>>> print(open('input_6.cif').read())   # mmCIF, C-alpha atoms and all ligand atoms
data_final
loop_
_atom_site.label_atom_id
_atom_site.label_comp_id
_atom_site.auth_asym_id
_atom_site.auth_seq_id
_atom_site.Cartn_x
_atom_site.Cartn_y
_atom_site.Cartn_z
CA MET A 1 0.00 0.00 0.00
CA ASN A 2 1.58 3.27 -0.99
CA GLY A 3 -0.77 5.80 0.56
CA GLN A 4 -2.01 6.77 -2.90
CA ILE A 5 -5.61 5.77 -2.40
CA ILE A 6 -7.92 8.44 -3.62
CA PHE A 7 -10.72 9.35 -1.24
CA SER A 8 -13.18 10.19 -3.95
CA ASP A 9 -16.96 10.07 -3.85
CA ASP A 10 -18.70 7.23 -2.04
CA GLU A 11 -19.61 5.12 -5.04
CA ILE A 12 -16.14 4.94 -6.58
CA PHE A 13 -14.61 4.53 -3.16
CA LEU A 14 -16.86 1.61 -2.28
CA LYS A 15 -16.29 -0.09 -5.62
CA LYS A 16 -12.62 -0.14 -4.87
CA LEU A 17 -13.13 -1.20 -1.28
CA VAL A 18 -15.07 -4.35 -2.09
CA ASN A 19 -12.28 -5.69 -4.25
CA GLU A 20 -10.71 -8.65 -2.48
CA ASP A 21 -7.14 -7.99 -3.60
CA PHE A 22 -7.41 -4.37 -2.62
CA LEU A 23 -8.86 -5.27 0.79
CA THR A 24 -6.15 -7.87 1.34
CA SER A 25 -3.36 -5.40 0.66
CA LEU A 26 -5.06 -2.79 2.81
CA ILE A 27 -5.32 -5.23 5.72
CA SER A 28 -1.70 -6.37 5.31
CA SER A 29 -0.38 -2.83 5.28
CA ASP A 30 0.57 -1.21 8.54
CA ASP A 31 0.66 2.28 7.09
CA LYS A 32 -0.70 4.24 10.05
CA THR A 33 -1.34 7.40 8.04
CA LEU A 34 -3.43 5.51 5.58
CA GLN A 35 -5.29 3.71 8.36
CA SER A 36 -6.11 6.96 10.12
CA LYS A 37 -7.59 8.33 6.88
CA PHE A 38 -9.97 5.39 6.77
CA ILE A 39 -10.75 5.78 10.46
CA GLU A 40 -11.63 9.46 9.94
CA ARG A 41 -13.87 8.62 7.03
CA ALA A 42 -15.56 5.88 9.06
CA ASP A 43 -16.13 8.35 11.89
CA ASP A 44 -17.85 10.70 9.42
CA LYS A 45 -19.94 7.83 8.09
CA ARG A 46 -21.14 6.86 11.58
CA ARG A 47 -22.12 10.47 12.25
CA GLU A 48 -24.01 10.61 8.94
CA PHE A 49 -26.17 7.64 9.98
CA PHE A 50 -26.28 7.85 13.77
CA SER A 51 -25.15 11.36 14.70
CA ASN A 52 -23.00 11.15 17.85
CA ARG A 53 -25.20 8.60 19.64
CA ILE A 54 -23.73 5.46 21.16
CA TYR A 55 -26.27 2.80 22.10
CA ILE A 56 -26.08 0.76 25.28
CA ARG A 57 -27.01 -2.92 25.58
CA GLY A 58 -27.24 -4.99 28.75
CA LEU A 59 -25.60 -8.40 28.44
CA ILE A 60 -26.69 -11.32 30.61
CA GLU A 61 -24.49 -14.40 30.43
CA PHE A 62 -27.08 -16.84 31.66
CA SER A 63 -25.32 -20.20 31.25
CA ASN A 64 -21.74 -21.26 30.62
CA TYR A 65 -22.61 -24.85 29.80
CA CYS A 66 -21.80 -25.68 26.19
CA LYS A 67 -22.17 -28.78 24.07
CA ASN A 68 -19.52 -27.56 21.62
CA ASP A 69 -15.77 -27.82 21.82
CA CYS A 70 -14.47 -24.85 19.81
CA PHE A 71 -10.69 -24.86 20.13
CA TYR A 72 -10.44 -21.14 20.98
CA CYS A 73 -13.09 -20.89 23.64
CA GLY A 74 -12.71 -21.11 27.42
CA ILE A 75 -16.22 -22.41 28.10
CA ARG A 76 -15.92 -25.26 25.60
CA LYS A 77 -17.35 -28.60 26.68
CA SER A 78 -13.96 -30.15 27.60
CA SER A 79 -12.91 -27.23 29.74
CA LYS A 80 -12.86 -28.17 33.44
CA ILE A 81 -14.40 -25.01 34.81
CA ALA A 82 -17.13 -24.27 37.35
CA ARG A 83 -20.43 -24.30 35.47
CA TYR A 84 -23.54 -22.30 36.32
CA ARG A 85 -27.00 -21.59 35.03
CA LEU A 86 -29.16 -18.66 36.04
CA THR A 87 -32.74 -19.46 36.96
CA LYS A 88 -35.60 -17.68 35.27
CA ASP A 89 -36.16 -15.65 38.45
CA GLU A 90 -32.51 -14.61 38.53
CA ILE A 91 -32.68 -13.49 34.90
CA MET A 92 -35.90 -11.57 35.46
CA GLU A 93 -34.46 -9.89 38.54
CA THR A 94 -31.28 -8.92 36.69
CA CYS A 95 -33.27 -7.39 33.87
CA SER A 96 -35.54 -5.60 36.31
CA GLU A 97 -32.62 -3.78 37.93
CA ALA A 98 -31.20 -2.87 34.53
CA TYR A 99 -34.61 -1.75 33.24
CA SER A 100 -34.99 0.58 36.23
CA ALA A 101 -31.58 2.02 35.38
CA GLY A 102 -32.82 2.72 31.85
CA ILE A 103 -31.48 -0.22 29.84
CA ARG A 104 -33.78 -1.04 26.90
CA THR A 105 -31.93 -3.85 25.13
CA PHE A 106 -31.28 -7.14 26.85
CA VAL A 107 -28.82 -9.53 25.25
CA LEU A 108 -29.24 -13.07 26.54
CA GLN A 109 -26.07 -14.98 25.85
CA SER A 110 -25.03 -18.54 26.73
CA GLY A 111 -23.07 -21.51 25.57
CA GLU A 112 -25.07 -24.01 23.54
CA ASP A 113 -26.80 -25.40 26.60
CA LEU A 114 -29.42 -28.04 25.82
CA PHE A 115 -30.94 -27.62 29.31
CA PHE A 116 -32.49 -24.46 27.91
CA SER A 117 -34.96 -26.19 25.64
CA LYS A 118 -37.06 -24.45 23.03
CA GLU A 119 -39.93 -24.25 25.58
CA LYS A 120 -37.72 -22.71 28.27
CA ILE A 121 -36.32 -20.07 25.93
CA VAL A 122 -39.79 -19.27 24.56
CA ASP A 123 -41.09 -18.86 28.12
CA LEU A 124 -38.14 -16.64 29.03
CA VAL A 125 -38.51 -14.48 25.93
CA SER A 126 -42.25 -13.94 26.34
CA SER A 127 -41.92 -13.22 30.07
CA LEU A 128 -39.18 -10.66 29.45
CA LYS A 129 -41.09 -8.96 26.64
CA ASN A 130 -44.23 -8.79 28.80
CA GLU A 131 -42.49 -7.61 31.91
CA PHE A 132 -40.34 -4.95 30.27
CA PRO A 133 -42.41 -3.09 27.68
CA GLY A 134 -40.59 -1.03 25.10
CA SER A 135 -37.45 -3.12 25.34
CA ALA A 136 -35.68 -5.14 22.66
CA LEU A 137 -34.53 -8.68 23.24
CA THR A 138 -31.45 -10.12 21.61
CA LEU A 139 -30.55 -13.80 21.78
CA SER A 140 -27.01 -15.10 21.43
CA ILE A 141 -27.39 -18.82 22.06
CA GLY A 142 -25.86 -20.45 19.01
CA GLU A 143 -26.96 -22.77 16.26
CA LYS A 144 -30.53 -24.13 16.46
CA PRO A 145 -32.95 -25.74 14.02
CA LYS A 146 -35.11 -23.29 12.09
CA ASP A 147 -38.28 -24.22 13.98
CA GLU A 148 -36.64 -23.17 17.24
CA TYR A 149 -35.55 -19.85 15.83
CA LYS A 150 -39.08 -19.39 14.55
CA ALA A 151 -40.56 -20.10 17.99
CA TYR A 152 -38.25 -17.49 19.56
CA LYS A 153 -39.29 -14.95 16.96
CA ILE A 154 -42.98 -15.61 17.53
CA ALA A 155 -42.40 -15.33 21.30
CA GLY A 156 -41.07 -11.81 20.69
CA ALA A 157 -37.28 -12.03 20.30
CA ASP A 158 -36.14 -9.16 18.09
CA ARG A 159 -32.50 -9.79 17.35
CA PHE A 160 -30.01 -12.63 17.19
CA LEU A 161 -26.22 -12.62 17.33
CA LEU A 162 -24.31 -15.44 15.68
CA ARG A 163 -20.80 -14.72 14.53
CA HIS A 164 -19.82 -16.62 11.40
CA GLU A 165 -16.26 -16.75 12.89
CA THR A 166 -14.60 -17.20 9.48
CA ILE A 167 -16.04 -17.56 5.98
CA ASN A 168 -13.19 -19.73 4.81
CA LYS A 169 -14.29 -23.35 5.24
CA GLU A 170 -10.74 -24.68 5.61
CA HIS A 171 -10.00 -22.10 8.25
CA TYR A 172 -13.32 -22.81 9.98
CA GLU A 173 -12.35 -26.46 10.24
CA LYS A 174 -9.07 -25.58 11.92
CA LEU A 175 -10.90 -23.64 14.62
CA HIS A 176 -13.64 -26.16 15.29
CA PRO A 177 -13.88 -29.90 15.97
CA ILE A 178 -15.19 -32.22 13.31
CA SER A 179 -18.56 -32.43 15.11
CA MET A 180 -19.28 -28.85 14.08
CA SER A 181 -20.10 -27.79 10.57
CA PHE A 182 -19.44 -24.68 8.59
CA GLU A 183 -22.55 -25.35 6.53
CA ASN A 184 -24.77 -25.48 9.61
CA ARG A 185 -23.40 -22.16 10.81
CA LEU A 186 -24.26 -20.53 7.49
CA ARG A 187 -27.63 -22.27 7.40
CA SER A 188 -28.38 -20.85 10.85
CA LEU A 189 -27.53 -17.32 9.75
CA LYS A 190 -29.69 -17.65 6.67
CA ASP A 191 -32.65 -18.99 8.66
CA LEU A 192 -32.38 -16.14 11.15
CA LYS A 193 -32.39 -13.60 8.36
CA ASP A 194 -35.30 -15.28 6.56
CA LEU A 195 -37.32 -15.30 9.79
CA GLY A 196 -36.99 -11.54 10.07
CA PHE A 197 -34.60 -11.22 13.00
CA GLN A 198 -32.23 -8.31 13.12
CA VAL A 199 -29.12 -10.41 12.68
CA GLY A 200 -25.62 -9.85 13.96
CA SER A 201 -22.56 -11.65 12.69
CA GLY A 202 -18.82 -11.21 12.90
CA PHE A 203 -15.50 -12.83 13.65
CA MET A 204 -12.38 -12.82 15.79
CA VAL A 205 -9.37 -10.86 14.61
CA GLY A 206 -6.09 -12.76 14.74
CA SER A 207 -7.49 -16.22 15.32
CA PRO A 208 -4.89 -18.94 14.70
CA TRP A 209 -3.98 -19.40 10.98
CA GLN A 210 -6.08 -16.43 9.91
CA THR A 211 -4.57 -14.58 6.92
CA ALA A 212 -5.15 -11.07 5.59
CA ARG A 213 -6.98 -12.67 2.68
CA ASN A 214 -9.26 -14.54 5.10
CA LEU A 215 -10.15 -11.21 6.68
CA ALA A 216 -10.79 -9.69 3.26
CA GLU A 217 -13.12 -12.62 2.54
CA ASP A 218 -14.87 -12.04 5.87
CA LEU A 219 -15.44 -8.38 5.04
CA ARG A 220 -16.76 -9.22 1.59
CA PHE A 221 -19.07 -11.82 3.10
CA LEU A 222 -20.44 -9.29 5.57
CA ARG A 223 -20.99 -6.80 2.79
CA LEU A 224 -22.85 -9.49 0.87
CA ILE A 225 -25.18 -10.60 3.66
CA GLN A 226 -25.61 -7.10 5.11
CA PRO A 227 -26.14 -8.01 8.74
CA HIS A 228 -27.88 -5.41 10.91
CA MET A 229 -25.13 -5.80 13.51
CA VAL A 230 -21.46 -6.72 13.24
CA GLY A 231 -19.34 -7.75 16.21
CA ILE A 232 -15.61 -8.27 15.92
CA GLY A 233 -12.94 -8.55 18.60
CA PRO A 234 -9.34 -9.64 18.91
CA PHE A 235 -8.67 -13.31 19.59
CA ILE A 236 -7.46 -13.63 23.18
CA PRO A 237 -5.89 -16.94 24.20
CA GLN A 238 -7.61 -18.70 27.08
CA LYS A 239 -5.30 -20.78 29.24
CA LEU A 240 -7.50 -23.88 29.41
CA SER A 241 -8.19 -24.03 25.69
CA PRO A 242 -6.18 -25.89 23.02
CA PHE A 243 -5.22 -22.48 21.55
CA LYS A 244 -3.67 -21.29 24.82
CA ASP A 245 -0.22 -20.79 23.29
CA PHE A 246 -1.24 -18.78 20.24
CA PRO A 247 -0.55 -15.04 20.27
CA PRO A 248 -3.44 -12.64 20.79
CA GLY A 249 -4.95 -10.76 17.87
CA SER A 250 -3.99 -7.16 17.24
CA ALA A 251 -6.11 -4.42 18.79
CA ASP A 252 -4.82 -1.96 16.15
CA LEU A 253 -5.99 -4.21 13.36
CA THR A 254 -9.35 -4.70 15.09
CA VAL A 255 -9.85 -0.94 15.28
CA PHE A 256 -8.94 -0.57 11.60
CA LEU A 257 -11.32 -3.37 10.63
CA ILE A 258 -14.14 -1.67 12.56
CA ALA A 259 -13.54 1.36 10.35
CA LEU A 260 -13.63 -0.77 7.18
CA ILE A 261 -16.86 -2.46 8.30
CA ARG A 262 -18.45 0.93 8.99
CA LEU A 263 -17.54 1.99 5.44
CA LEU A 264 -18.76 -1.24 3.85
CA ILE A 265 -22.05 -1.39 5.83
CA PRO A 266 -22.67 2.23 6.85
CA ASP A 267 -25.94 1.63 8.72
CA ALA A 268 -24.69 -1.33 10.78
CA LEU A 269 -24.82 -1.41 14.55
CA ILE A 270 -21.25 -2.15 15.56
CA PRO A 271 -20.23 -2.76 19.16
CA SER A 272 -16.86 -1.83 20.46
CA THR A 273 -16.57 -5.23 22.07
CA THR A 274 -15.51 -6.44 25.50
CA ALA A 275 -12.53 -8.22 23.94
CA LEU A 276 -11.30 -4.81 22.74
CA GLU A 277 -12.04 -3.39 26.19
CA THR A 278 -9.84 -6.15 27.65
CA MET A 279 -6.99 -4.42 25.80
CA ASN A 280 -8.21 -1.00 27.02
CA ARG A 281 -9.11 0.08 23.51
CA ARG A 282 -12.88 0.40 23.65
CA GLU A 283 -12.89 4.14 23.11
CA GLU A 284 -10.74 3.80 20.00
CA GLY A 285 -13.22 1.32 18.61
CA ILE A 286 -15.93 3.95 19.05
CA LYS A 287 -13.82 6.63 17.39
CA ALA A 288 -13.19 4.30 14.45
CA GLY A 289 -16.89 3.82 13.70
CA ALA A 290 -18.43 1.58 16.36
CA ASN A 291 -21.68 2.82 17.86
CA VAL A 292 -22.70 0.30 20.50
CA ILE A 293 -21.39 -0.56 23.96
CA MET A 294 -22.48 -3.74 25.69
CA ILE A 295 -22.29 -3.68 29.44
CA ASN A 296 -22.22 -6.86 31.43
CA ILE A 297 -25.21 -6.92 33.78
CA SER A 298 -24.85 -10.60 34.78
CA PRO A 299 -25.41 -11.18 38.50
CA ASP A 300 -22.65 -12.27 40.92
CA LYS A 301 -23.40 -15.96 40.41
CA ALA A 302 -22.18 -15.62 36.81
CA ARG A 303 -19.33 -13.19 37.30
CA GLY A 304 -15.90 -14.55 36.64
CA LYS A 305 -17.26 -17.79 35.25
CA TYR A 306 -18.07 -16.82 31.67
CA ILE A 307 -14.41 -17.00 30.71
CA ILE A 308 -14.51 -17.39 26.95
CA TYR A 309 -11.07 -15.72 27.08
CA ASP A 310 -8.70 -14.58 29.84
CA GLY A 311 -8.56 -11.13 31.41
CA LYS A 312 -12.20 -10.21 30.78
CA PRO A 313 -12.95 -7.02 32.66
CA ARG A 314 -15.31 -7.32 35.65
CA SER A 315 -17.06 -4.22 36.75
CA VAL A 316 -18.06 -4.04 40.40
CA LEU A 317 -20.34 -1.09 39.79
CA SER A 318 -24.12 -1.19 39.88
CA VAL A 319 -25.79 -0.82 36.48
CA SER A 320 -26.67 2.83 37.10
CA ASP A 321 -23.14 3.68 38.29
CA GLU A 322 -21.67 1.90 35.28
CA LEU A 323 -23.94 3.92 32.99
CA GLU A 324 -22.93 7.14 34.69
CA LYS A 325 -19.27 6.28 34.18
CA ILE A 326 -19.76 5.46 30.50
CA ASP A 327 -21.87 8.57 29.98
CA GLY A 328 -19.06 10.71 31.41
CA LYS A 329 -16.37 9.04 29.33
CA LEU A 330 -18.38 9.29 26.11
CA ALA A 331 -19.34 12.90 26.70
CA LYS A 332 -15.67 13.76 27.18
CA ALA A 333 -14.89 12.18 23.81
CA GLY A 334 -17.73 14.12 22.12
CA PHE A 335 -20.31 11.32 22.03
CA SER A 336 -23.71 11.02 23.61
CA MET A 337 -24.79 7.87 25.41
CA SER A 338 -28.21 6.70 24.25
CA LEU A 339 -30.48 4.38 26.22
CA ASP A 340 -32.92 4.19 23.30
CA ILE A 341 -33.90 0.77 22.03
CA GLY A 342 -31.56 1.48 19.09
CA ASP A 343 -33.08 -0.68 16.36
CA SER A 344 -31.28 -1.01 13.07
CA PRO A 345 -32.25 1.99 10.89
CA ARG A 346 -33.25 -0.57 8.27
CA VAL A 347 -36.27 -1.80 10.25
CA LEU A 348 -37.63 1.63 11.18
N1 LIG B 401 -10.93 -14.71 22.16
C1 LIG B 401 -11.76 -13.79 21.62
N2 LIG B 401 -13.03 -14.03 21.31
C2 LIG B 401 -13.51 -15.26 21.56
N3 LIG B 401 -14.71 -15.81 21.33
C3 LIG B 401 -14.70 -17.07 21.76
N4 LIG B 401 -13.49 -17.39 22.27
C4 LIG B 401 -12.73 -16.26 22.13
C5 LIG B 401 -11.38 -15.96 22.43
N5 LIG B 401 -10.55 -16.86 22.98
C6 LIG B 401 -15.77 -15.09 20.64
C7 LIG B 401 -16.32 -15.90 19.48
C8 LIG B 401 -17.77 -16.12 19.86
C9 LIG B 401 -18.04 -14.99 20.81
C10 LIG B 401 -19.19 -15.21 21.74
O1 LIG B 401 -16.84 -14.86 21.52
O2 LIG B 401 -16.24 -15.14 18.27
O3 LIG B 401 -18.66 -16.08 18.77
#
>>> encode(input="input_6.cif", output="structure tokens")
Amino acid sequence: MNGQIIFSDDEIFLKKLVNEDFLTSLISSDDKTLQSKFIERADDKRREFFSNRIYIRGLIEFSNYCKNDCFYCGIRKSSKIARYRLTKDEIMETCSEAYSAGIRTFVLQSGEDLFFSKEKIVDLVSSLKNEFPGSALTLSIGEKPKDEYKAYKIAGADRFLLRHETINKEHYEKLHPISMSFENRLRSLKDLKDLGFQVGSGFMVGSPWQTARNLAEDLRFLRLIQPHMVGIGPFIPQKLSPFKDFPPGSADLTVFLIALIRLLIPDALIPSTTALETMNRREEGIKAGANVIMINISPDKARGKYIIYDGKPRSVLSVSDELEKIDGKLAKAGFSMSLDIGDSPRVL
């Protein structure tokens, strides 16, 4: 990359940006000047679509049981860790506190825990939607058959997060055991989209064996499927996982990729993720085009046990104190914290 890229009008710019070779060379380059030009443009793009608002989501990690054995993940089935499940009452109570503090999106996340049957999730979703009017519910509970996704949608779930992890099948197979299938992951994403969920996808940056071309393919895939939400974060080795000795992904590259994603899918909701926060870079993610912050509202029973990677930050603040802190930080950086439901502009 020689810094000669012309920042012309949007259409020509985008045409260039979706080219895989161009993206690959951009991602391989560590030309900081060039990167900051993209970051500035992404910042403008976010403002064009969302002004200076940053949306807040409340994340509840309700079970760390998982039937899968992904090589990178600390809560994989083979990991000998303390397991927990929140009861329905505990989940309702957690959401109630957060709702009083103003939170209007609840993200229910768990490992693929078969204890939470279709019926249990449906009951949870409808209870939450009834109890907390005007809130949005996001599920992040993995791959399920289409009829289950459909039941969740009918029960009132609005959004679903399922990272594709990598769009290169060979790479996918290096990150996952043979019992998991690339095709089923893609099938799940397609079903979710067809059922009318606001869908989030994404990937880890710097996962073992990932190449710049893989990342370019991931970006092109995202541009193709146009998810409403895109979550990316650096790979962080977890000491109990088979990938414990691999180096962590780059926070700089993650920030740059956030900017590229903002440019490729300008109306996407993009969190500056906890994995980036682990490296103390959450604010940079925001400045590079992210517009969502997820705060962990899981109760004490769950804290410290949802160790998908090491060093995950653990706030000891109450939800309202945490919000006050974030509000202050964002205001200082010229942003405004929004507790609005924050739907994708595409569904308004
Ligand atoms: N480092 C960073 N992110 C991870 N995830 C799982 N394990 C790790 C890790 N070691 C991400 C995956 C998954 C999401 C919930 O967390 O992308 O989809």
>>> atom_distance(input="input_6.cif", atom1="atom O2 of ligand LIG 401 (chain B)", atom2="atom CA of A:Gly328")
29.1 Å
>>> axis_aligned_box(input="input_6.cif", around="stretch 321-326 of chain A", padding_each_side="8 Å", output="JSON")
{"center_x": -21.6, "center_y": 4.5, "center_z": 34.4, "size_x": 20.7, "size_y": 21.2, "size_z": 23.8}
>>> residues_near_ligand(input="input_6.cif", ligand="ligand LIG 401 (chain B)", cutoff="7 Å", atoms="all atoms listed in the file", output="PyMOL selection string")
chain A and resi 72-74+162-163+165+203-204+233-238+275+308-309
>>> residues_around(input="input_6.cif", residues="A:Leu192", least_positions_apart="5", cutoff="12 Å", atoms="all atoms listed in the file", output="number ranges by chain")
A: 139-140, 142-153, 157-162, 185-187, 197-201, 225, 227-228
>>> atom_distance(input="input_6.cif", atom1="atom CA of A:Phe335", atom2="atom CA of A:Arg47")
10.0 Å
>>> residues_near_point(input="input_6.cif", point="(-26.6, 3.3, 35.6)", cutoff="9 Å", atoms="all atoms listed in the file", output="ChimeraX atom specification")
/A:98,100-103,317-326
>>> closest_atom_pairs(input="input_6.cif", of="stretch 248-285 of chain A", to="stretch 292-302 of chain A", cutoff="12 Å", atoms="only C-alpha atoms", output="JSON lines")
{"residue": "A:Ile258", "atom": "CA", "partner": "A:Val292", "partner_atom": "CA", "distance": 11.8}
{"residue": "A:Ala268", "atom": "CA", "partner": "A:Val292", "partner_atom": "CA", "distance": 10.1}
{"residue": "A:Leu269", "atom": "CA", "partner": "A:Val292", "partner_atom": "CA", "distance": 6.5}
{"residue": "A:Ile270", "atom": "CA", "partner": "A:Val292", "partner_atom": "CA", "distance": 5.7}
{"residue": "A:Pro271", "atom": "CA", "partner": "A:Val292", "partner_atom": "CA", "distance": 4.2}
{"residue": "A:Ser272", "atom": "CA", "partner": "A:Ile293", "partner_atom": "CA", "distance": 5.9}
{"residue": "A:Thr273", "atom": "CA", "partner": "A:Ile293", "partner_atom": "CA", "distance": 7.0}
{"residue": "A:Thr274", "atom": "CA", "partner": "A:Met294", "partner_atom": "CA", "distance": 7.5}
{"residue": "A:Ala275", "atom": "CA", "partner": "A:Met294", "partner_atom": "CA", "distance": 11.1}
{"residue": "A:Leu276", "atom": "CA", "partner": "A:Ile293", "partner_atom": "CA", "distance": 11.0}
{"residue": "A:Glu277", "atom": "CA", "partner": "A:Ile293", "partner_atom": "CA", "distance": 10.0}
{"residue": "A:Arg282", "atom": "CA", "partner": "A:Ile293", "partner_atom": "CA", "distance": 8.6}
{"residue": "A:Glu283", "atom": "CA", "partner": "A:Ile293", "partner_atom": "CA", "distance": 9.8}
{"residue": "A:Gly285", "atom": "CA", "partner": "A:Val292", "partner_atom": "CA", "distance": 9.7}
>>> write_last_selection(input="input_6.cif", atoms="C-alpha atoms", output="short mmCIF file (atom, residue, chain, number, x, y, z; two decimals), in the coordinates of the input")
data_model
loop_
_atom_site.label_atom_id
_atom_site.label_comp_id
_atom_site.auth_asym_id
_atom_site.auth_seq_id
_atom_site.Cartn_x
_atom_site.Cartn_y
_atom_site.Cartn_z
CA ILE A 258 -14.14 -1.67 12.56
CA ALA A 268 -24.69 -1.33 10.78
CA LEU A 269 -24.82 -1.41 14.55
CA ILE A 270 -21.25 -2.15 15.56
CA PRO A 271 -20.23 -2.76 19.16
CA SER A 272 -16.86 -1.83 20.46
CA THR A 273 -16.57 -5.23 22.07
CA THR A 274 -15.51 -6.44 25.50
CA ALA A 275 -12.53 -8.22 23.94
CA LEU A 276 -11.30 -4.81 22.74
CA GLU A 277 -12.04 -3.39 26.19
CA ARG A 282 -12.88 0.40 23.65
CA GLU A 283 -12.89 4.14 23.11
CA GLY A 285 -13.22 1.32 18.61
#
>>> residues_around(input="input_6.cif", residues="A:Ile167", least_positions_apart="6", cutoff="10 Å", atoms="only C-alpha atoms", output="list of chain:residue names")
A:Phe182, A:Arg185, A:Leu186, A:Gly202, A:Phe203, A:Asn214, A:Leu215, A:Ala216, A:Glu217, A:Asp218, A:Leu219, A:Arg220, A:Phe221, A:Leu222
>>> residues_around(input="input_6.cif", residues="A:Tyr65", least_positions_apart="5", cutoff="9 Å", atoms="all atoms listed in the file", output="ChimeraX atom specification")
/A:75-77,83-85,110-115
>>> closest_residue(input="input_6.cif", among="A:Lys305, A:Arg213, A:Arg346, A:Lys190", to="A:Ala82", atoms="all atoms listed in the file")
A:Lys305
>>> atom_distance(input="input_6.cif", atom1="atom CA of A:Ile91", atom2="atom CA of A:Ile141")
14.9 Å
>>> closest_residue(input="input_6.cif", among="A:Ile60, A:Leu108, A:Leu253, A:Val18", to="A:Lys32", atoms="all atoms listed in the file")
A:Leu253
>>> closest_residue(input="input_6.cif", among="A:Ile265, A:Ile178, A:Ala251, A:Ile54", to="A:Ile341", atoms="only C-alpha atoms")
A:Ile54
>>> closest_residue(input="input_6.cif", among="A:Ala42, A:Val122, A:Ile154, A:Val205", to="A:Asp252", atoms="only C-alpha atoms")
A:Val205
>>> closest_residue(input="input_6.cif", among="A:Ile12, A:Glu119, A:Ile286, A:Asp310", to="A:Lys244", atoms="only C-alpha atoms")
A:Asp310
>>> residues_around(input="input_6.cif", residues="A:Arg41", least_positions_apart="2", cutoff="10 Å", atoms="only C-alpha atoms", output="PDB file with C-alpha atoms, keeping the file's coordinate frame")
ATOM      1  CA  PHE A   7     -10.720   9.350  -1.240  1.00  0.00           C
ATOM      2  CA  GLN A  35      -5.290   3.710   8.360  1.00  0.00           C
ATOM      3  CA  SER A  36      -6.110   6.960  10.120  1.00  0.00           C
ATOM      4  CA  LYS A  37      -7.590   8.330   6.880  1.00  0.00           C
ATOM      5  CA  PHE A  38      -9.970   5.390   6.770  1.00  0.00           C
ATOM      6  CA  ILE A  39     -10.750   5.780  10.460  1.00  0.00           C
ATOM      7  CA  ASP A  43     -16.130   8.350  11.890  1.00  0.00           C
ATOM      8  CA  ASP A  44     -17.850  10.700   9.420  1.00  0.00           C
ATOM      9  CA  LYS A  45     -19.940   7.830   8.090  1.00  0.00           C
ATOM     10  CA  ARG A  46     -21.140   6.860  11.580  1.00  0.00           C
ATOM     11  CA  ARG A  47     -22.120  10.470  12.250  1.00  0.00           C
ATOM     12  CA  ALA A 259     -13.540   1.360  10.350  1.00  0.00           C
ATOM     13  CA  LEU A 260     -13.630  -0.770   7.180  1.00  0.00           C
ATOM     14  CA  ARG A 262     -18.450   0.930   8.990  1.00  0.00           C
ATOM     15  CA  LEU A 263     -17.540   1.990   5.440  1.00  0.00           C
ATOM     16  CA  ALA A 288     -13.190   4.300  14.450  1.00  0.00           C
ATOM     17  CA  GLY A 289     -16.890   3.820  13.700  1.00  0.00           C
TER      18      GLY A 289
END
>>> build_atoms(input="input_6.cif", residues="stretch 262-272 of chain A", atoms="N, CA and C atoms", output="tab-separated table (two decimals), keeping the file's coordinate frame")
chain	number	residue	atom	x	y	z
A	262	ARG	N	-17.56	-0.24	9.01
A	262	ARG	CA	-18.45	0.93	8.99
A	262	ARG	C	-18.59	1.47	7.57
A	263	LEU	N	-17.48	1.46	6.81
A	263	LEU	CA	-17.54	1.99	5.44
A	263	LEU	C	-18.27	1.03	4.50
A	264	LEU	N	-18.13	-0.26	4.74
A	264	LEU	CA	-18.76	-1.24	3.85
A	264	LEU	C	-20.25	-1.40	4.15
A	265	ILE	N	-20.63	-1.27	5.43
A	265	ILE	CA	-22.05	-1.39	5.83
A	265	ILE	C	-22.37	-0.18	6.71
A	266	PRO	N	-22.60	0.97	6.09
A	266	PRO	CA	-22.67	2.23	6.85
A	266	PRO	C	-23.75	2.27	7.93
A	267	ASP	N	-24.86	1.53	7.73
A	267	ASP	CA	-25.94	1.63	8.72
A	267	ASP	C	-25.89	0.52	9.77
A	268	ALA	N	-24.77	-0.21	9.83
A	268	ALA	CA	-24.69	-1.33	10.78
A	268	ALA	C	-24.53	-0.84	12.22
A	269	LEU	N	-25.08	-1.64	13.13
A	269	LEU	CA	-24.82	-1.41	14.55
A	269	LEU	C	-23.57	-2.20	14.90
A	270	ILE	N	-22.55	-1.51	15.35
A	270	ILE	CA	-21.25	-2.15	15.56
A	270	ILE	C	-20.79	-1.91	17.00
A	271	PRO	N	-20.72	-2.97	17.79
A	271	PRO	CA	-20.23	-2.76	19.16
A	271	PRO	C	-18.72	-2.62	19.20
A	272	SER	N	-18.28	-1.81	20.12
A	272	SER	CA	-16.86	-1.83	20.46
A	272	SER	C	-16.78	-2.86	21.57
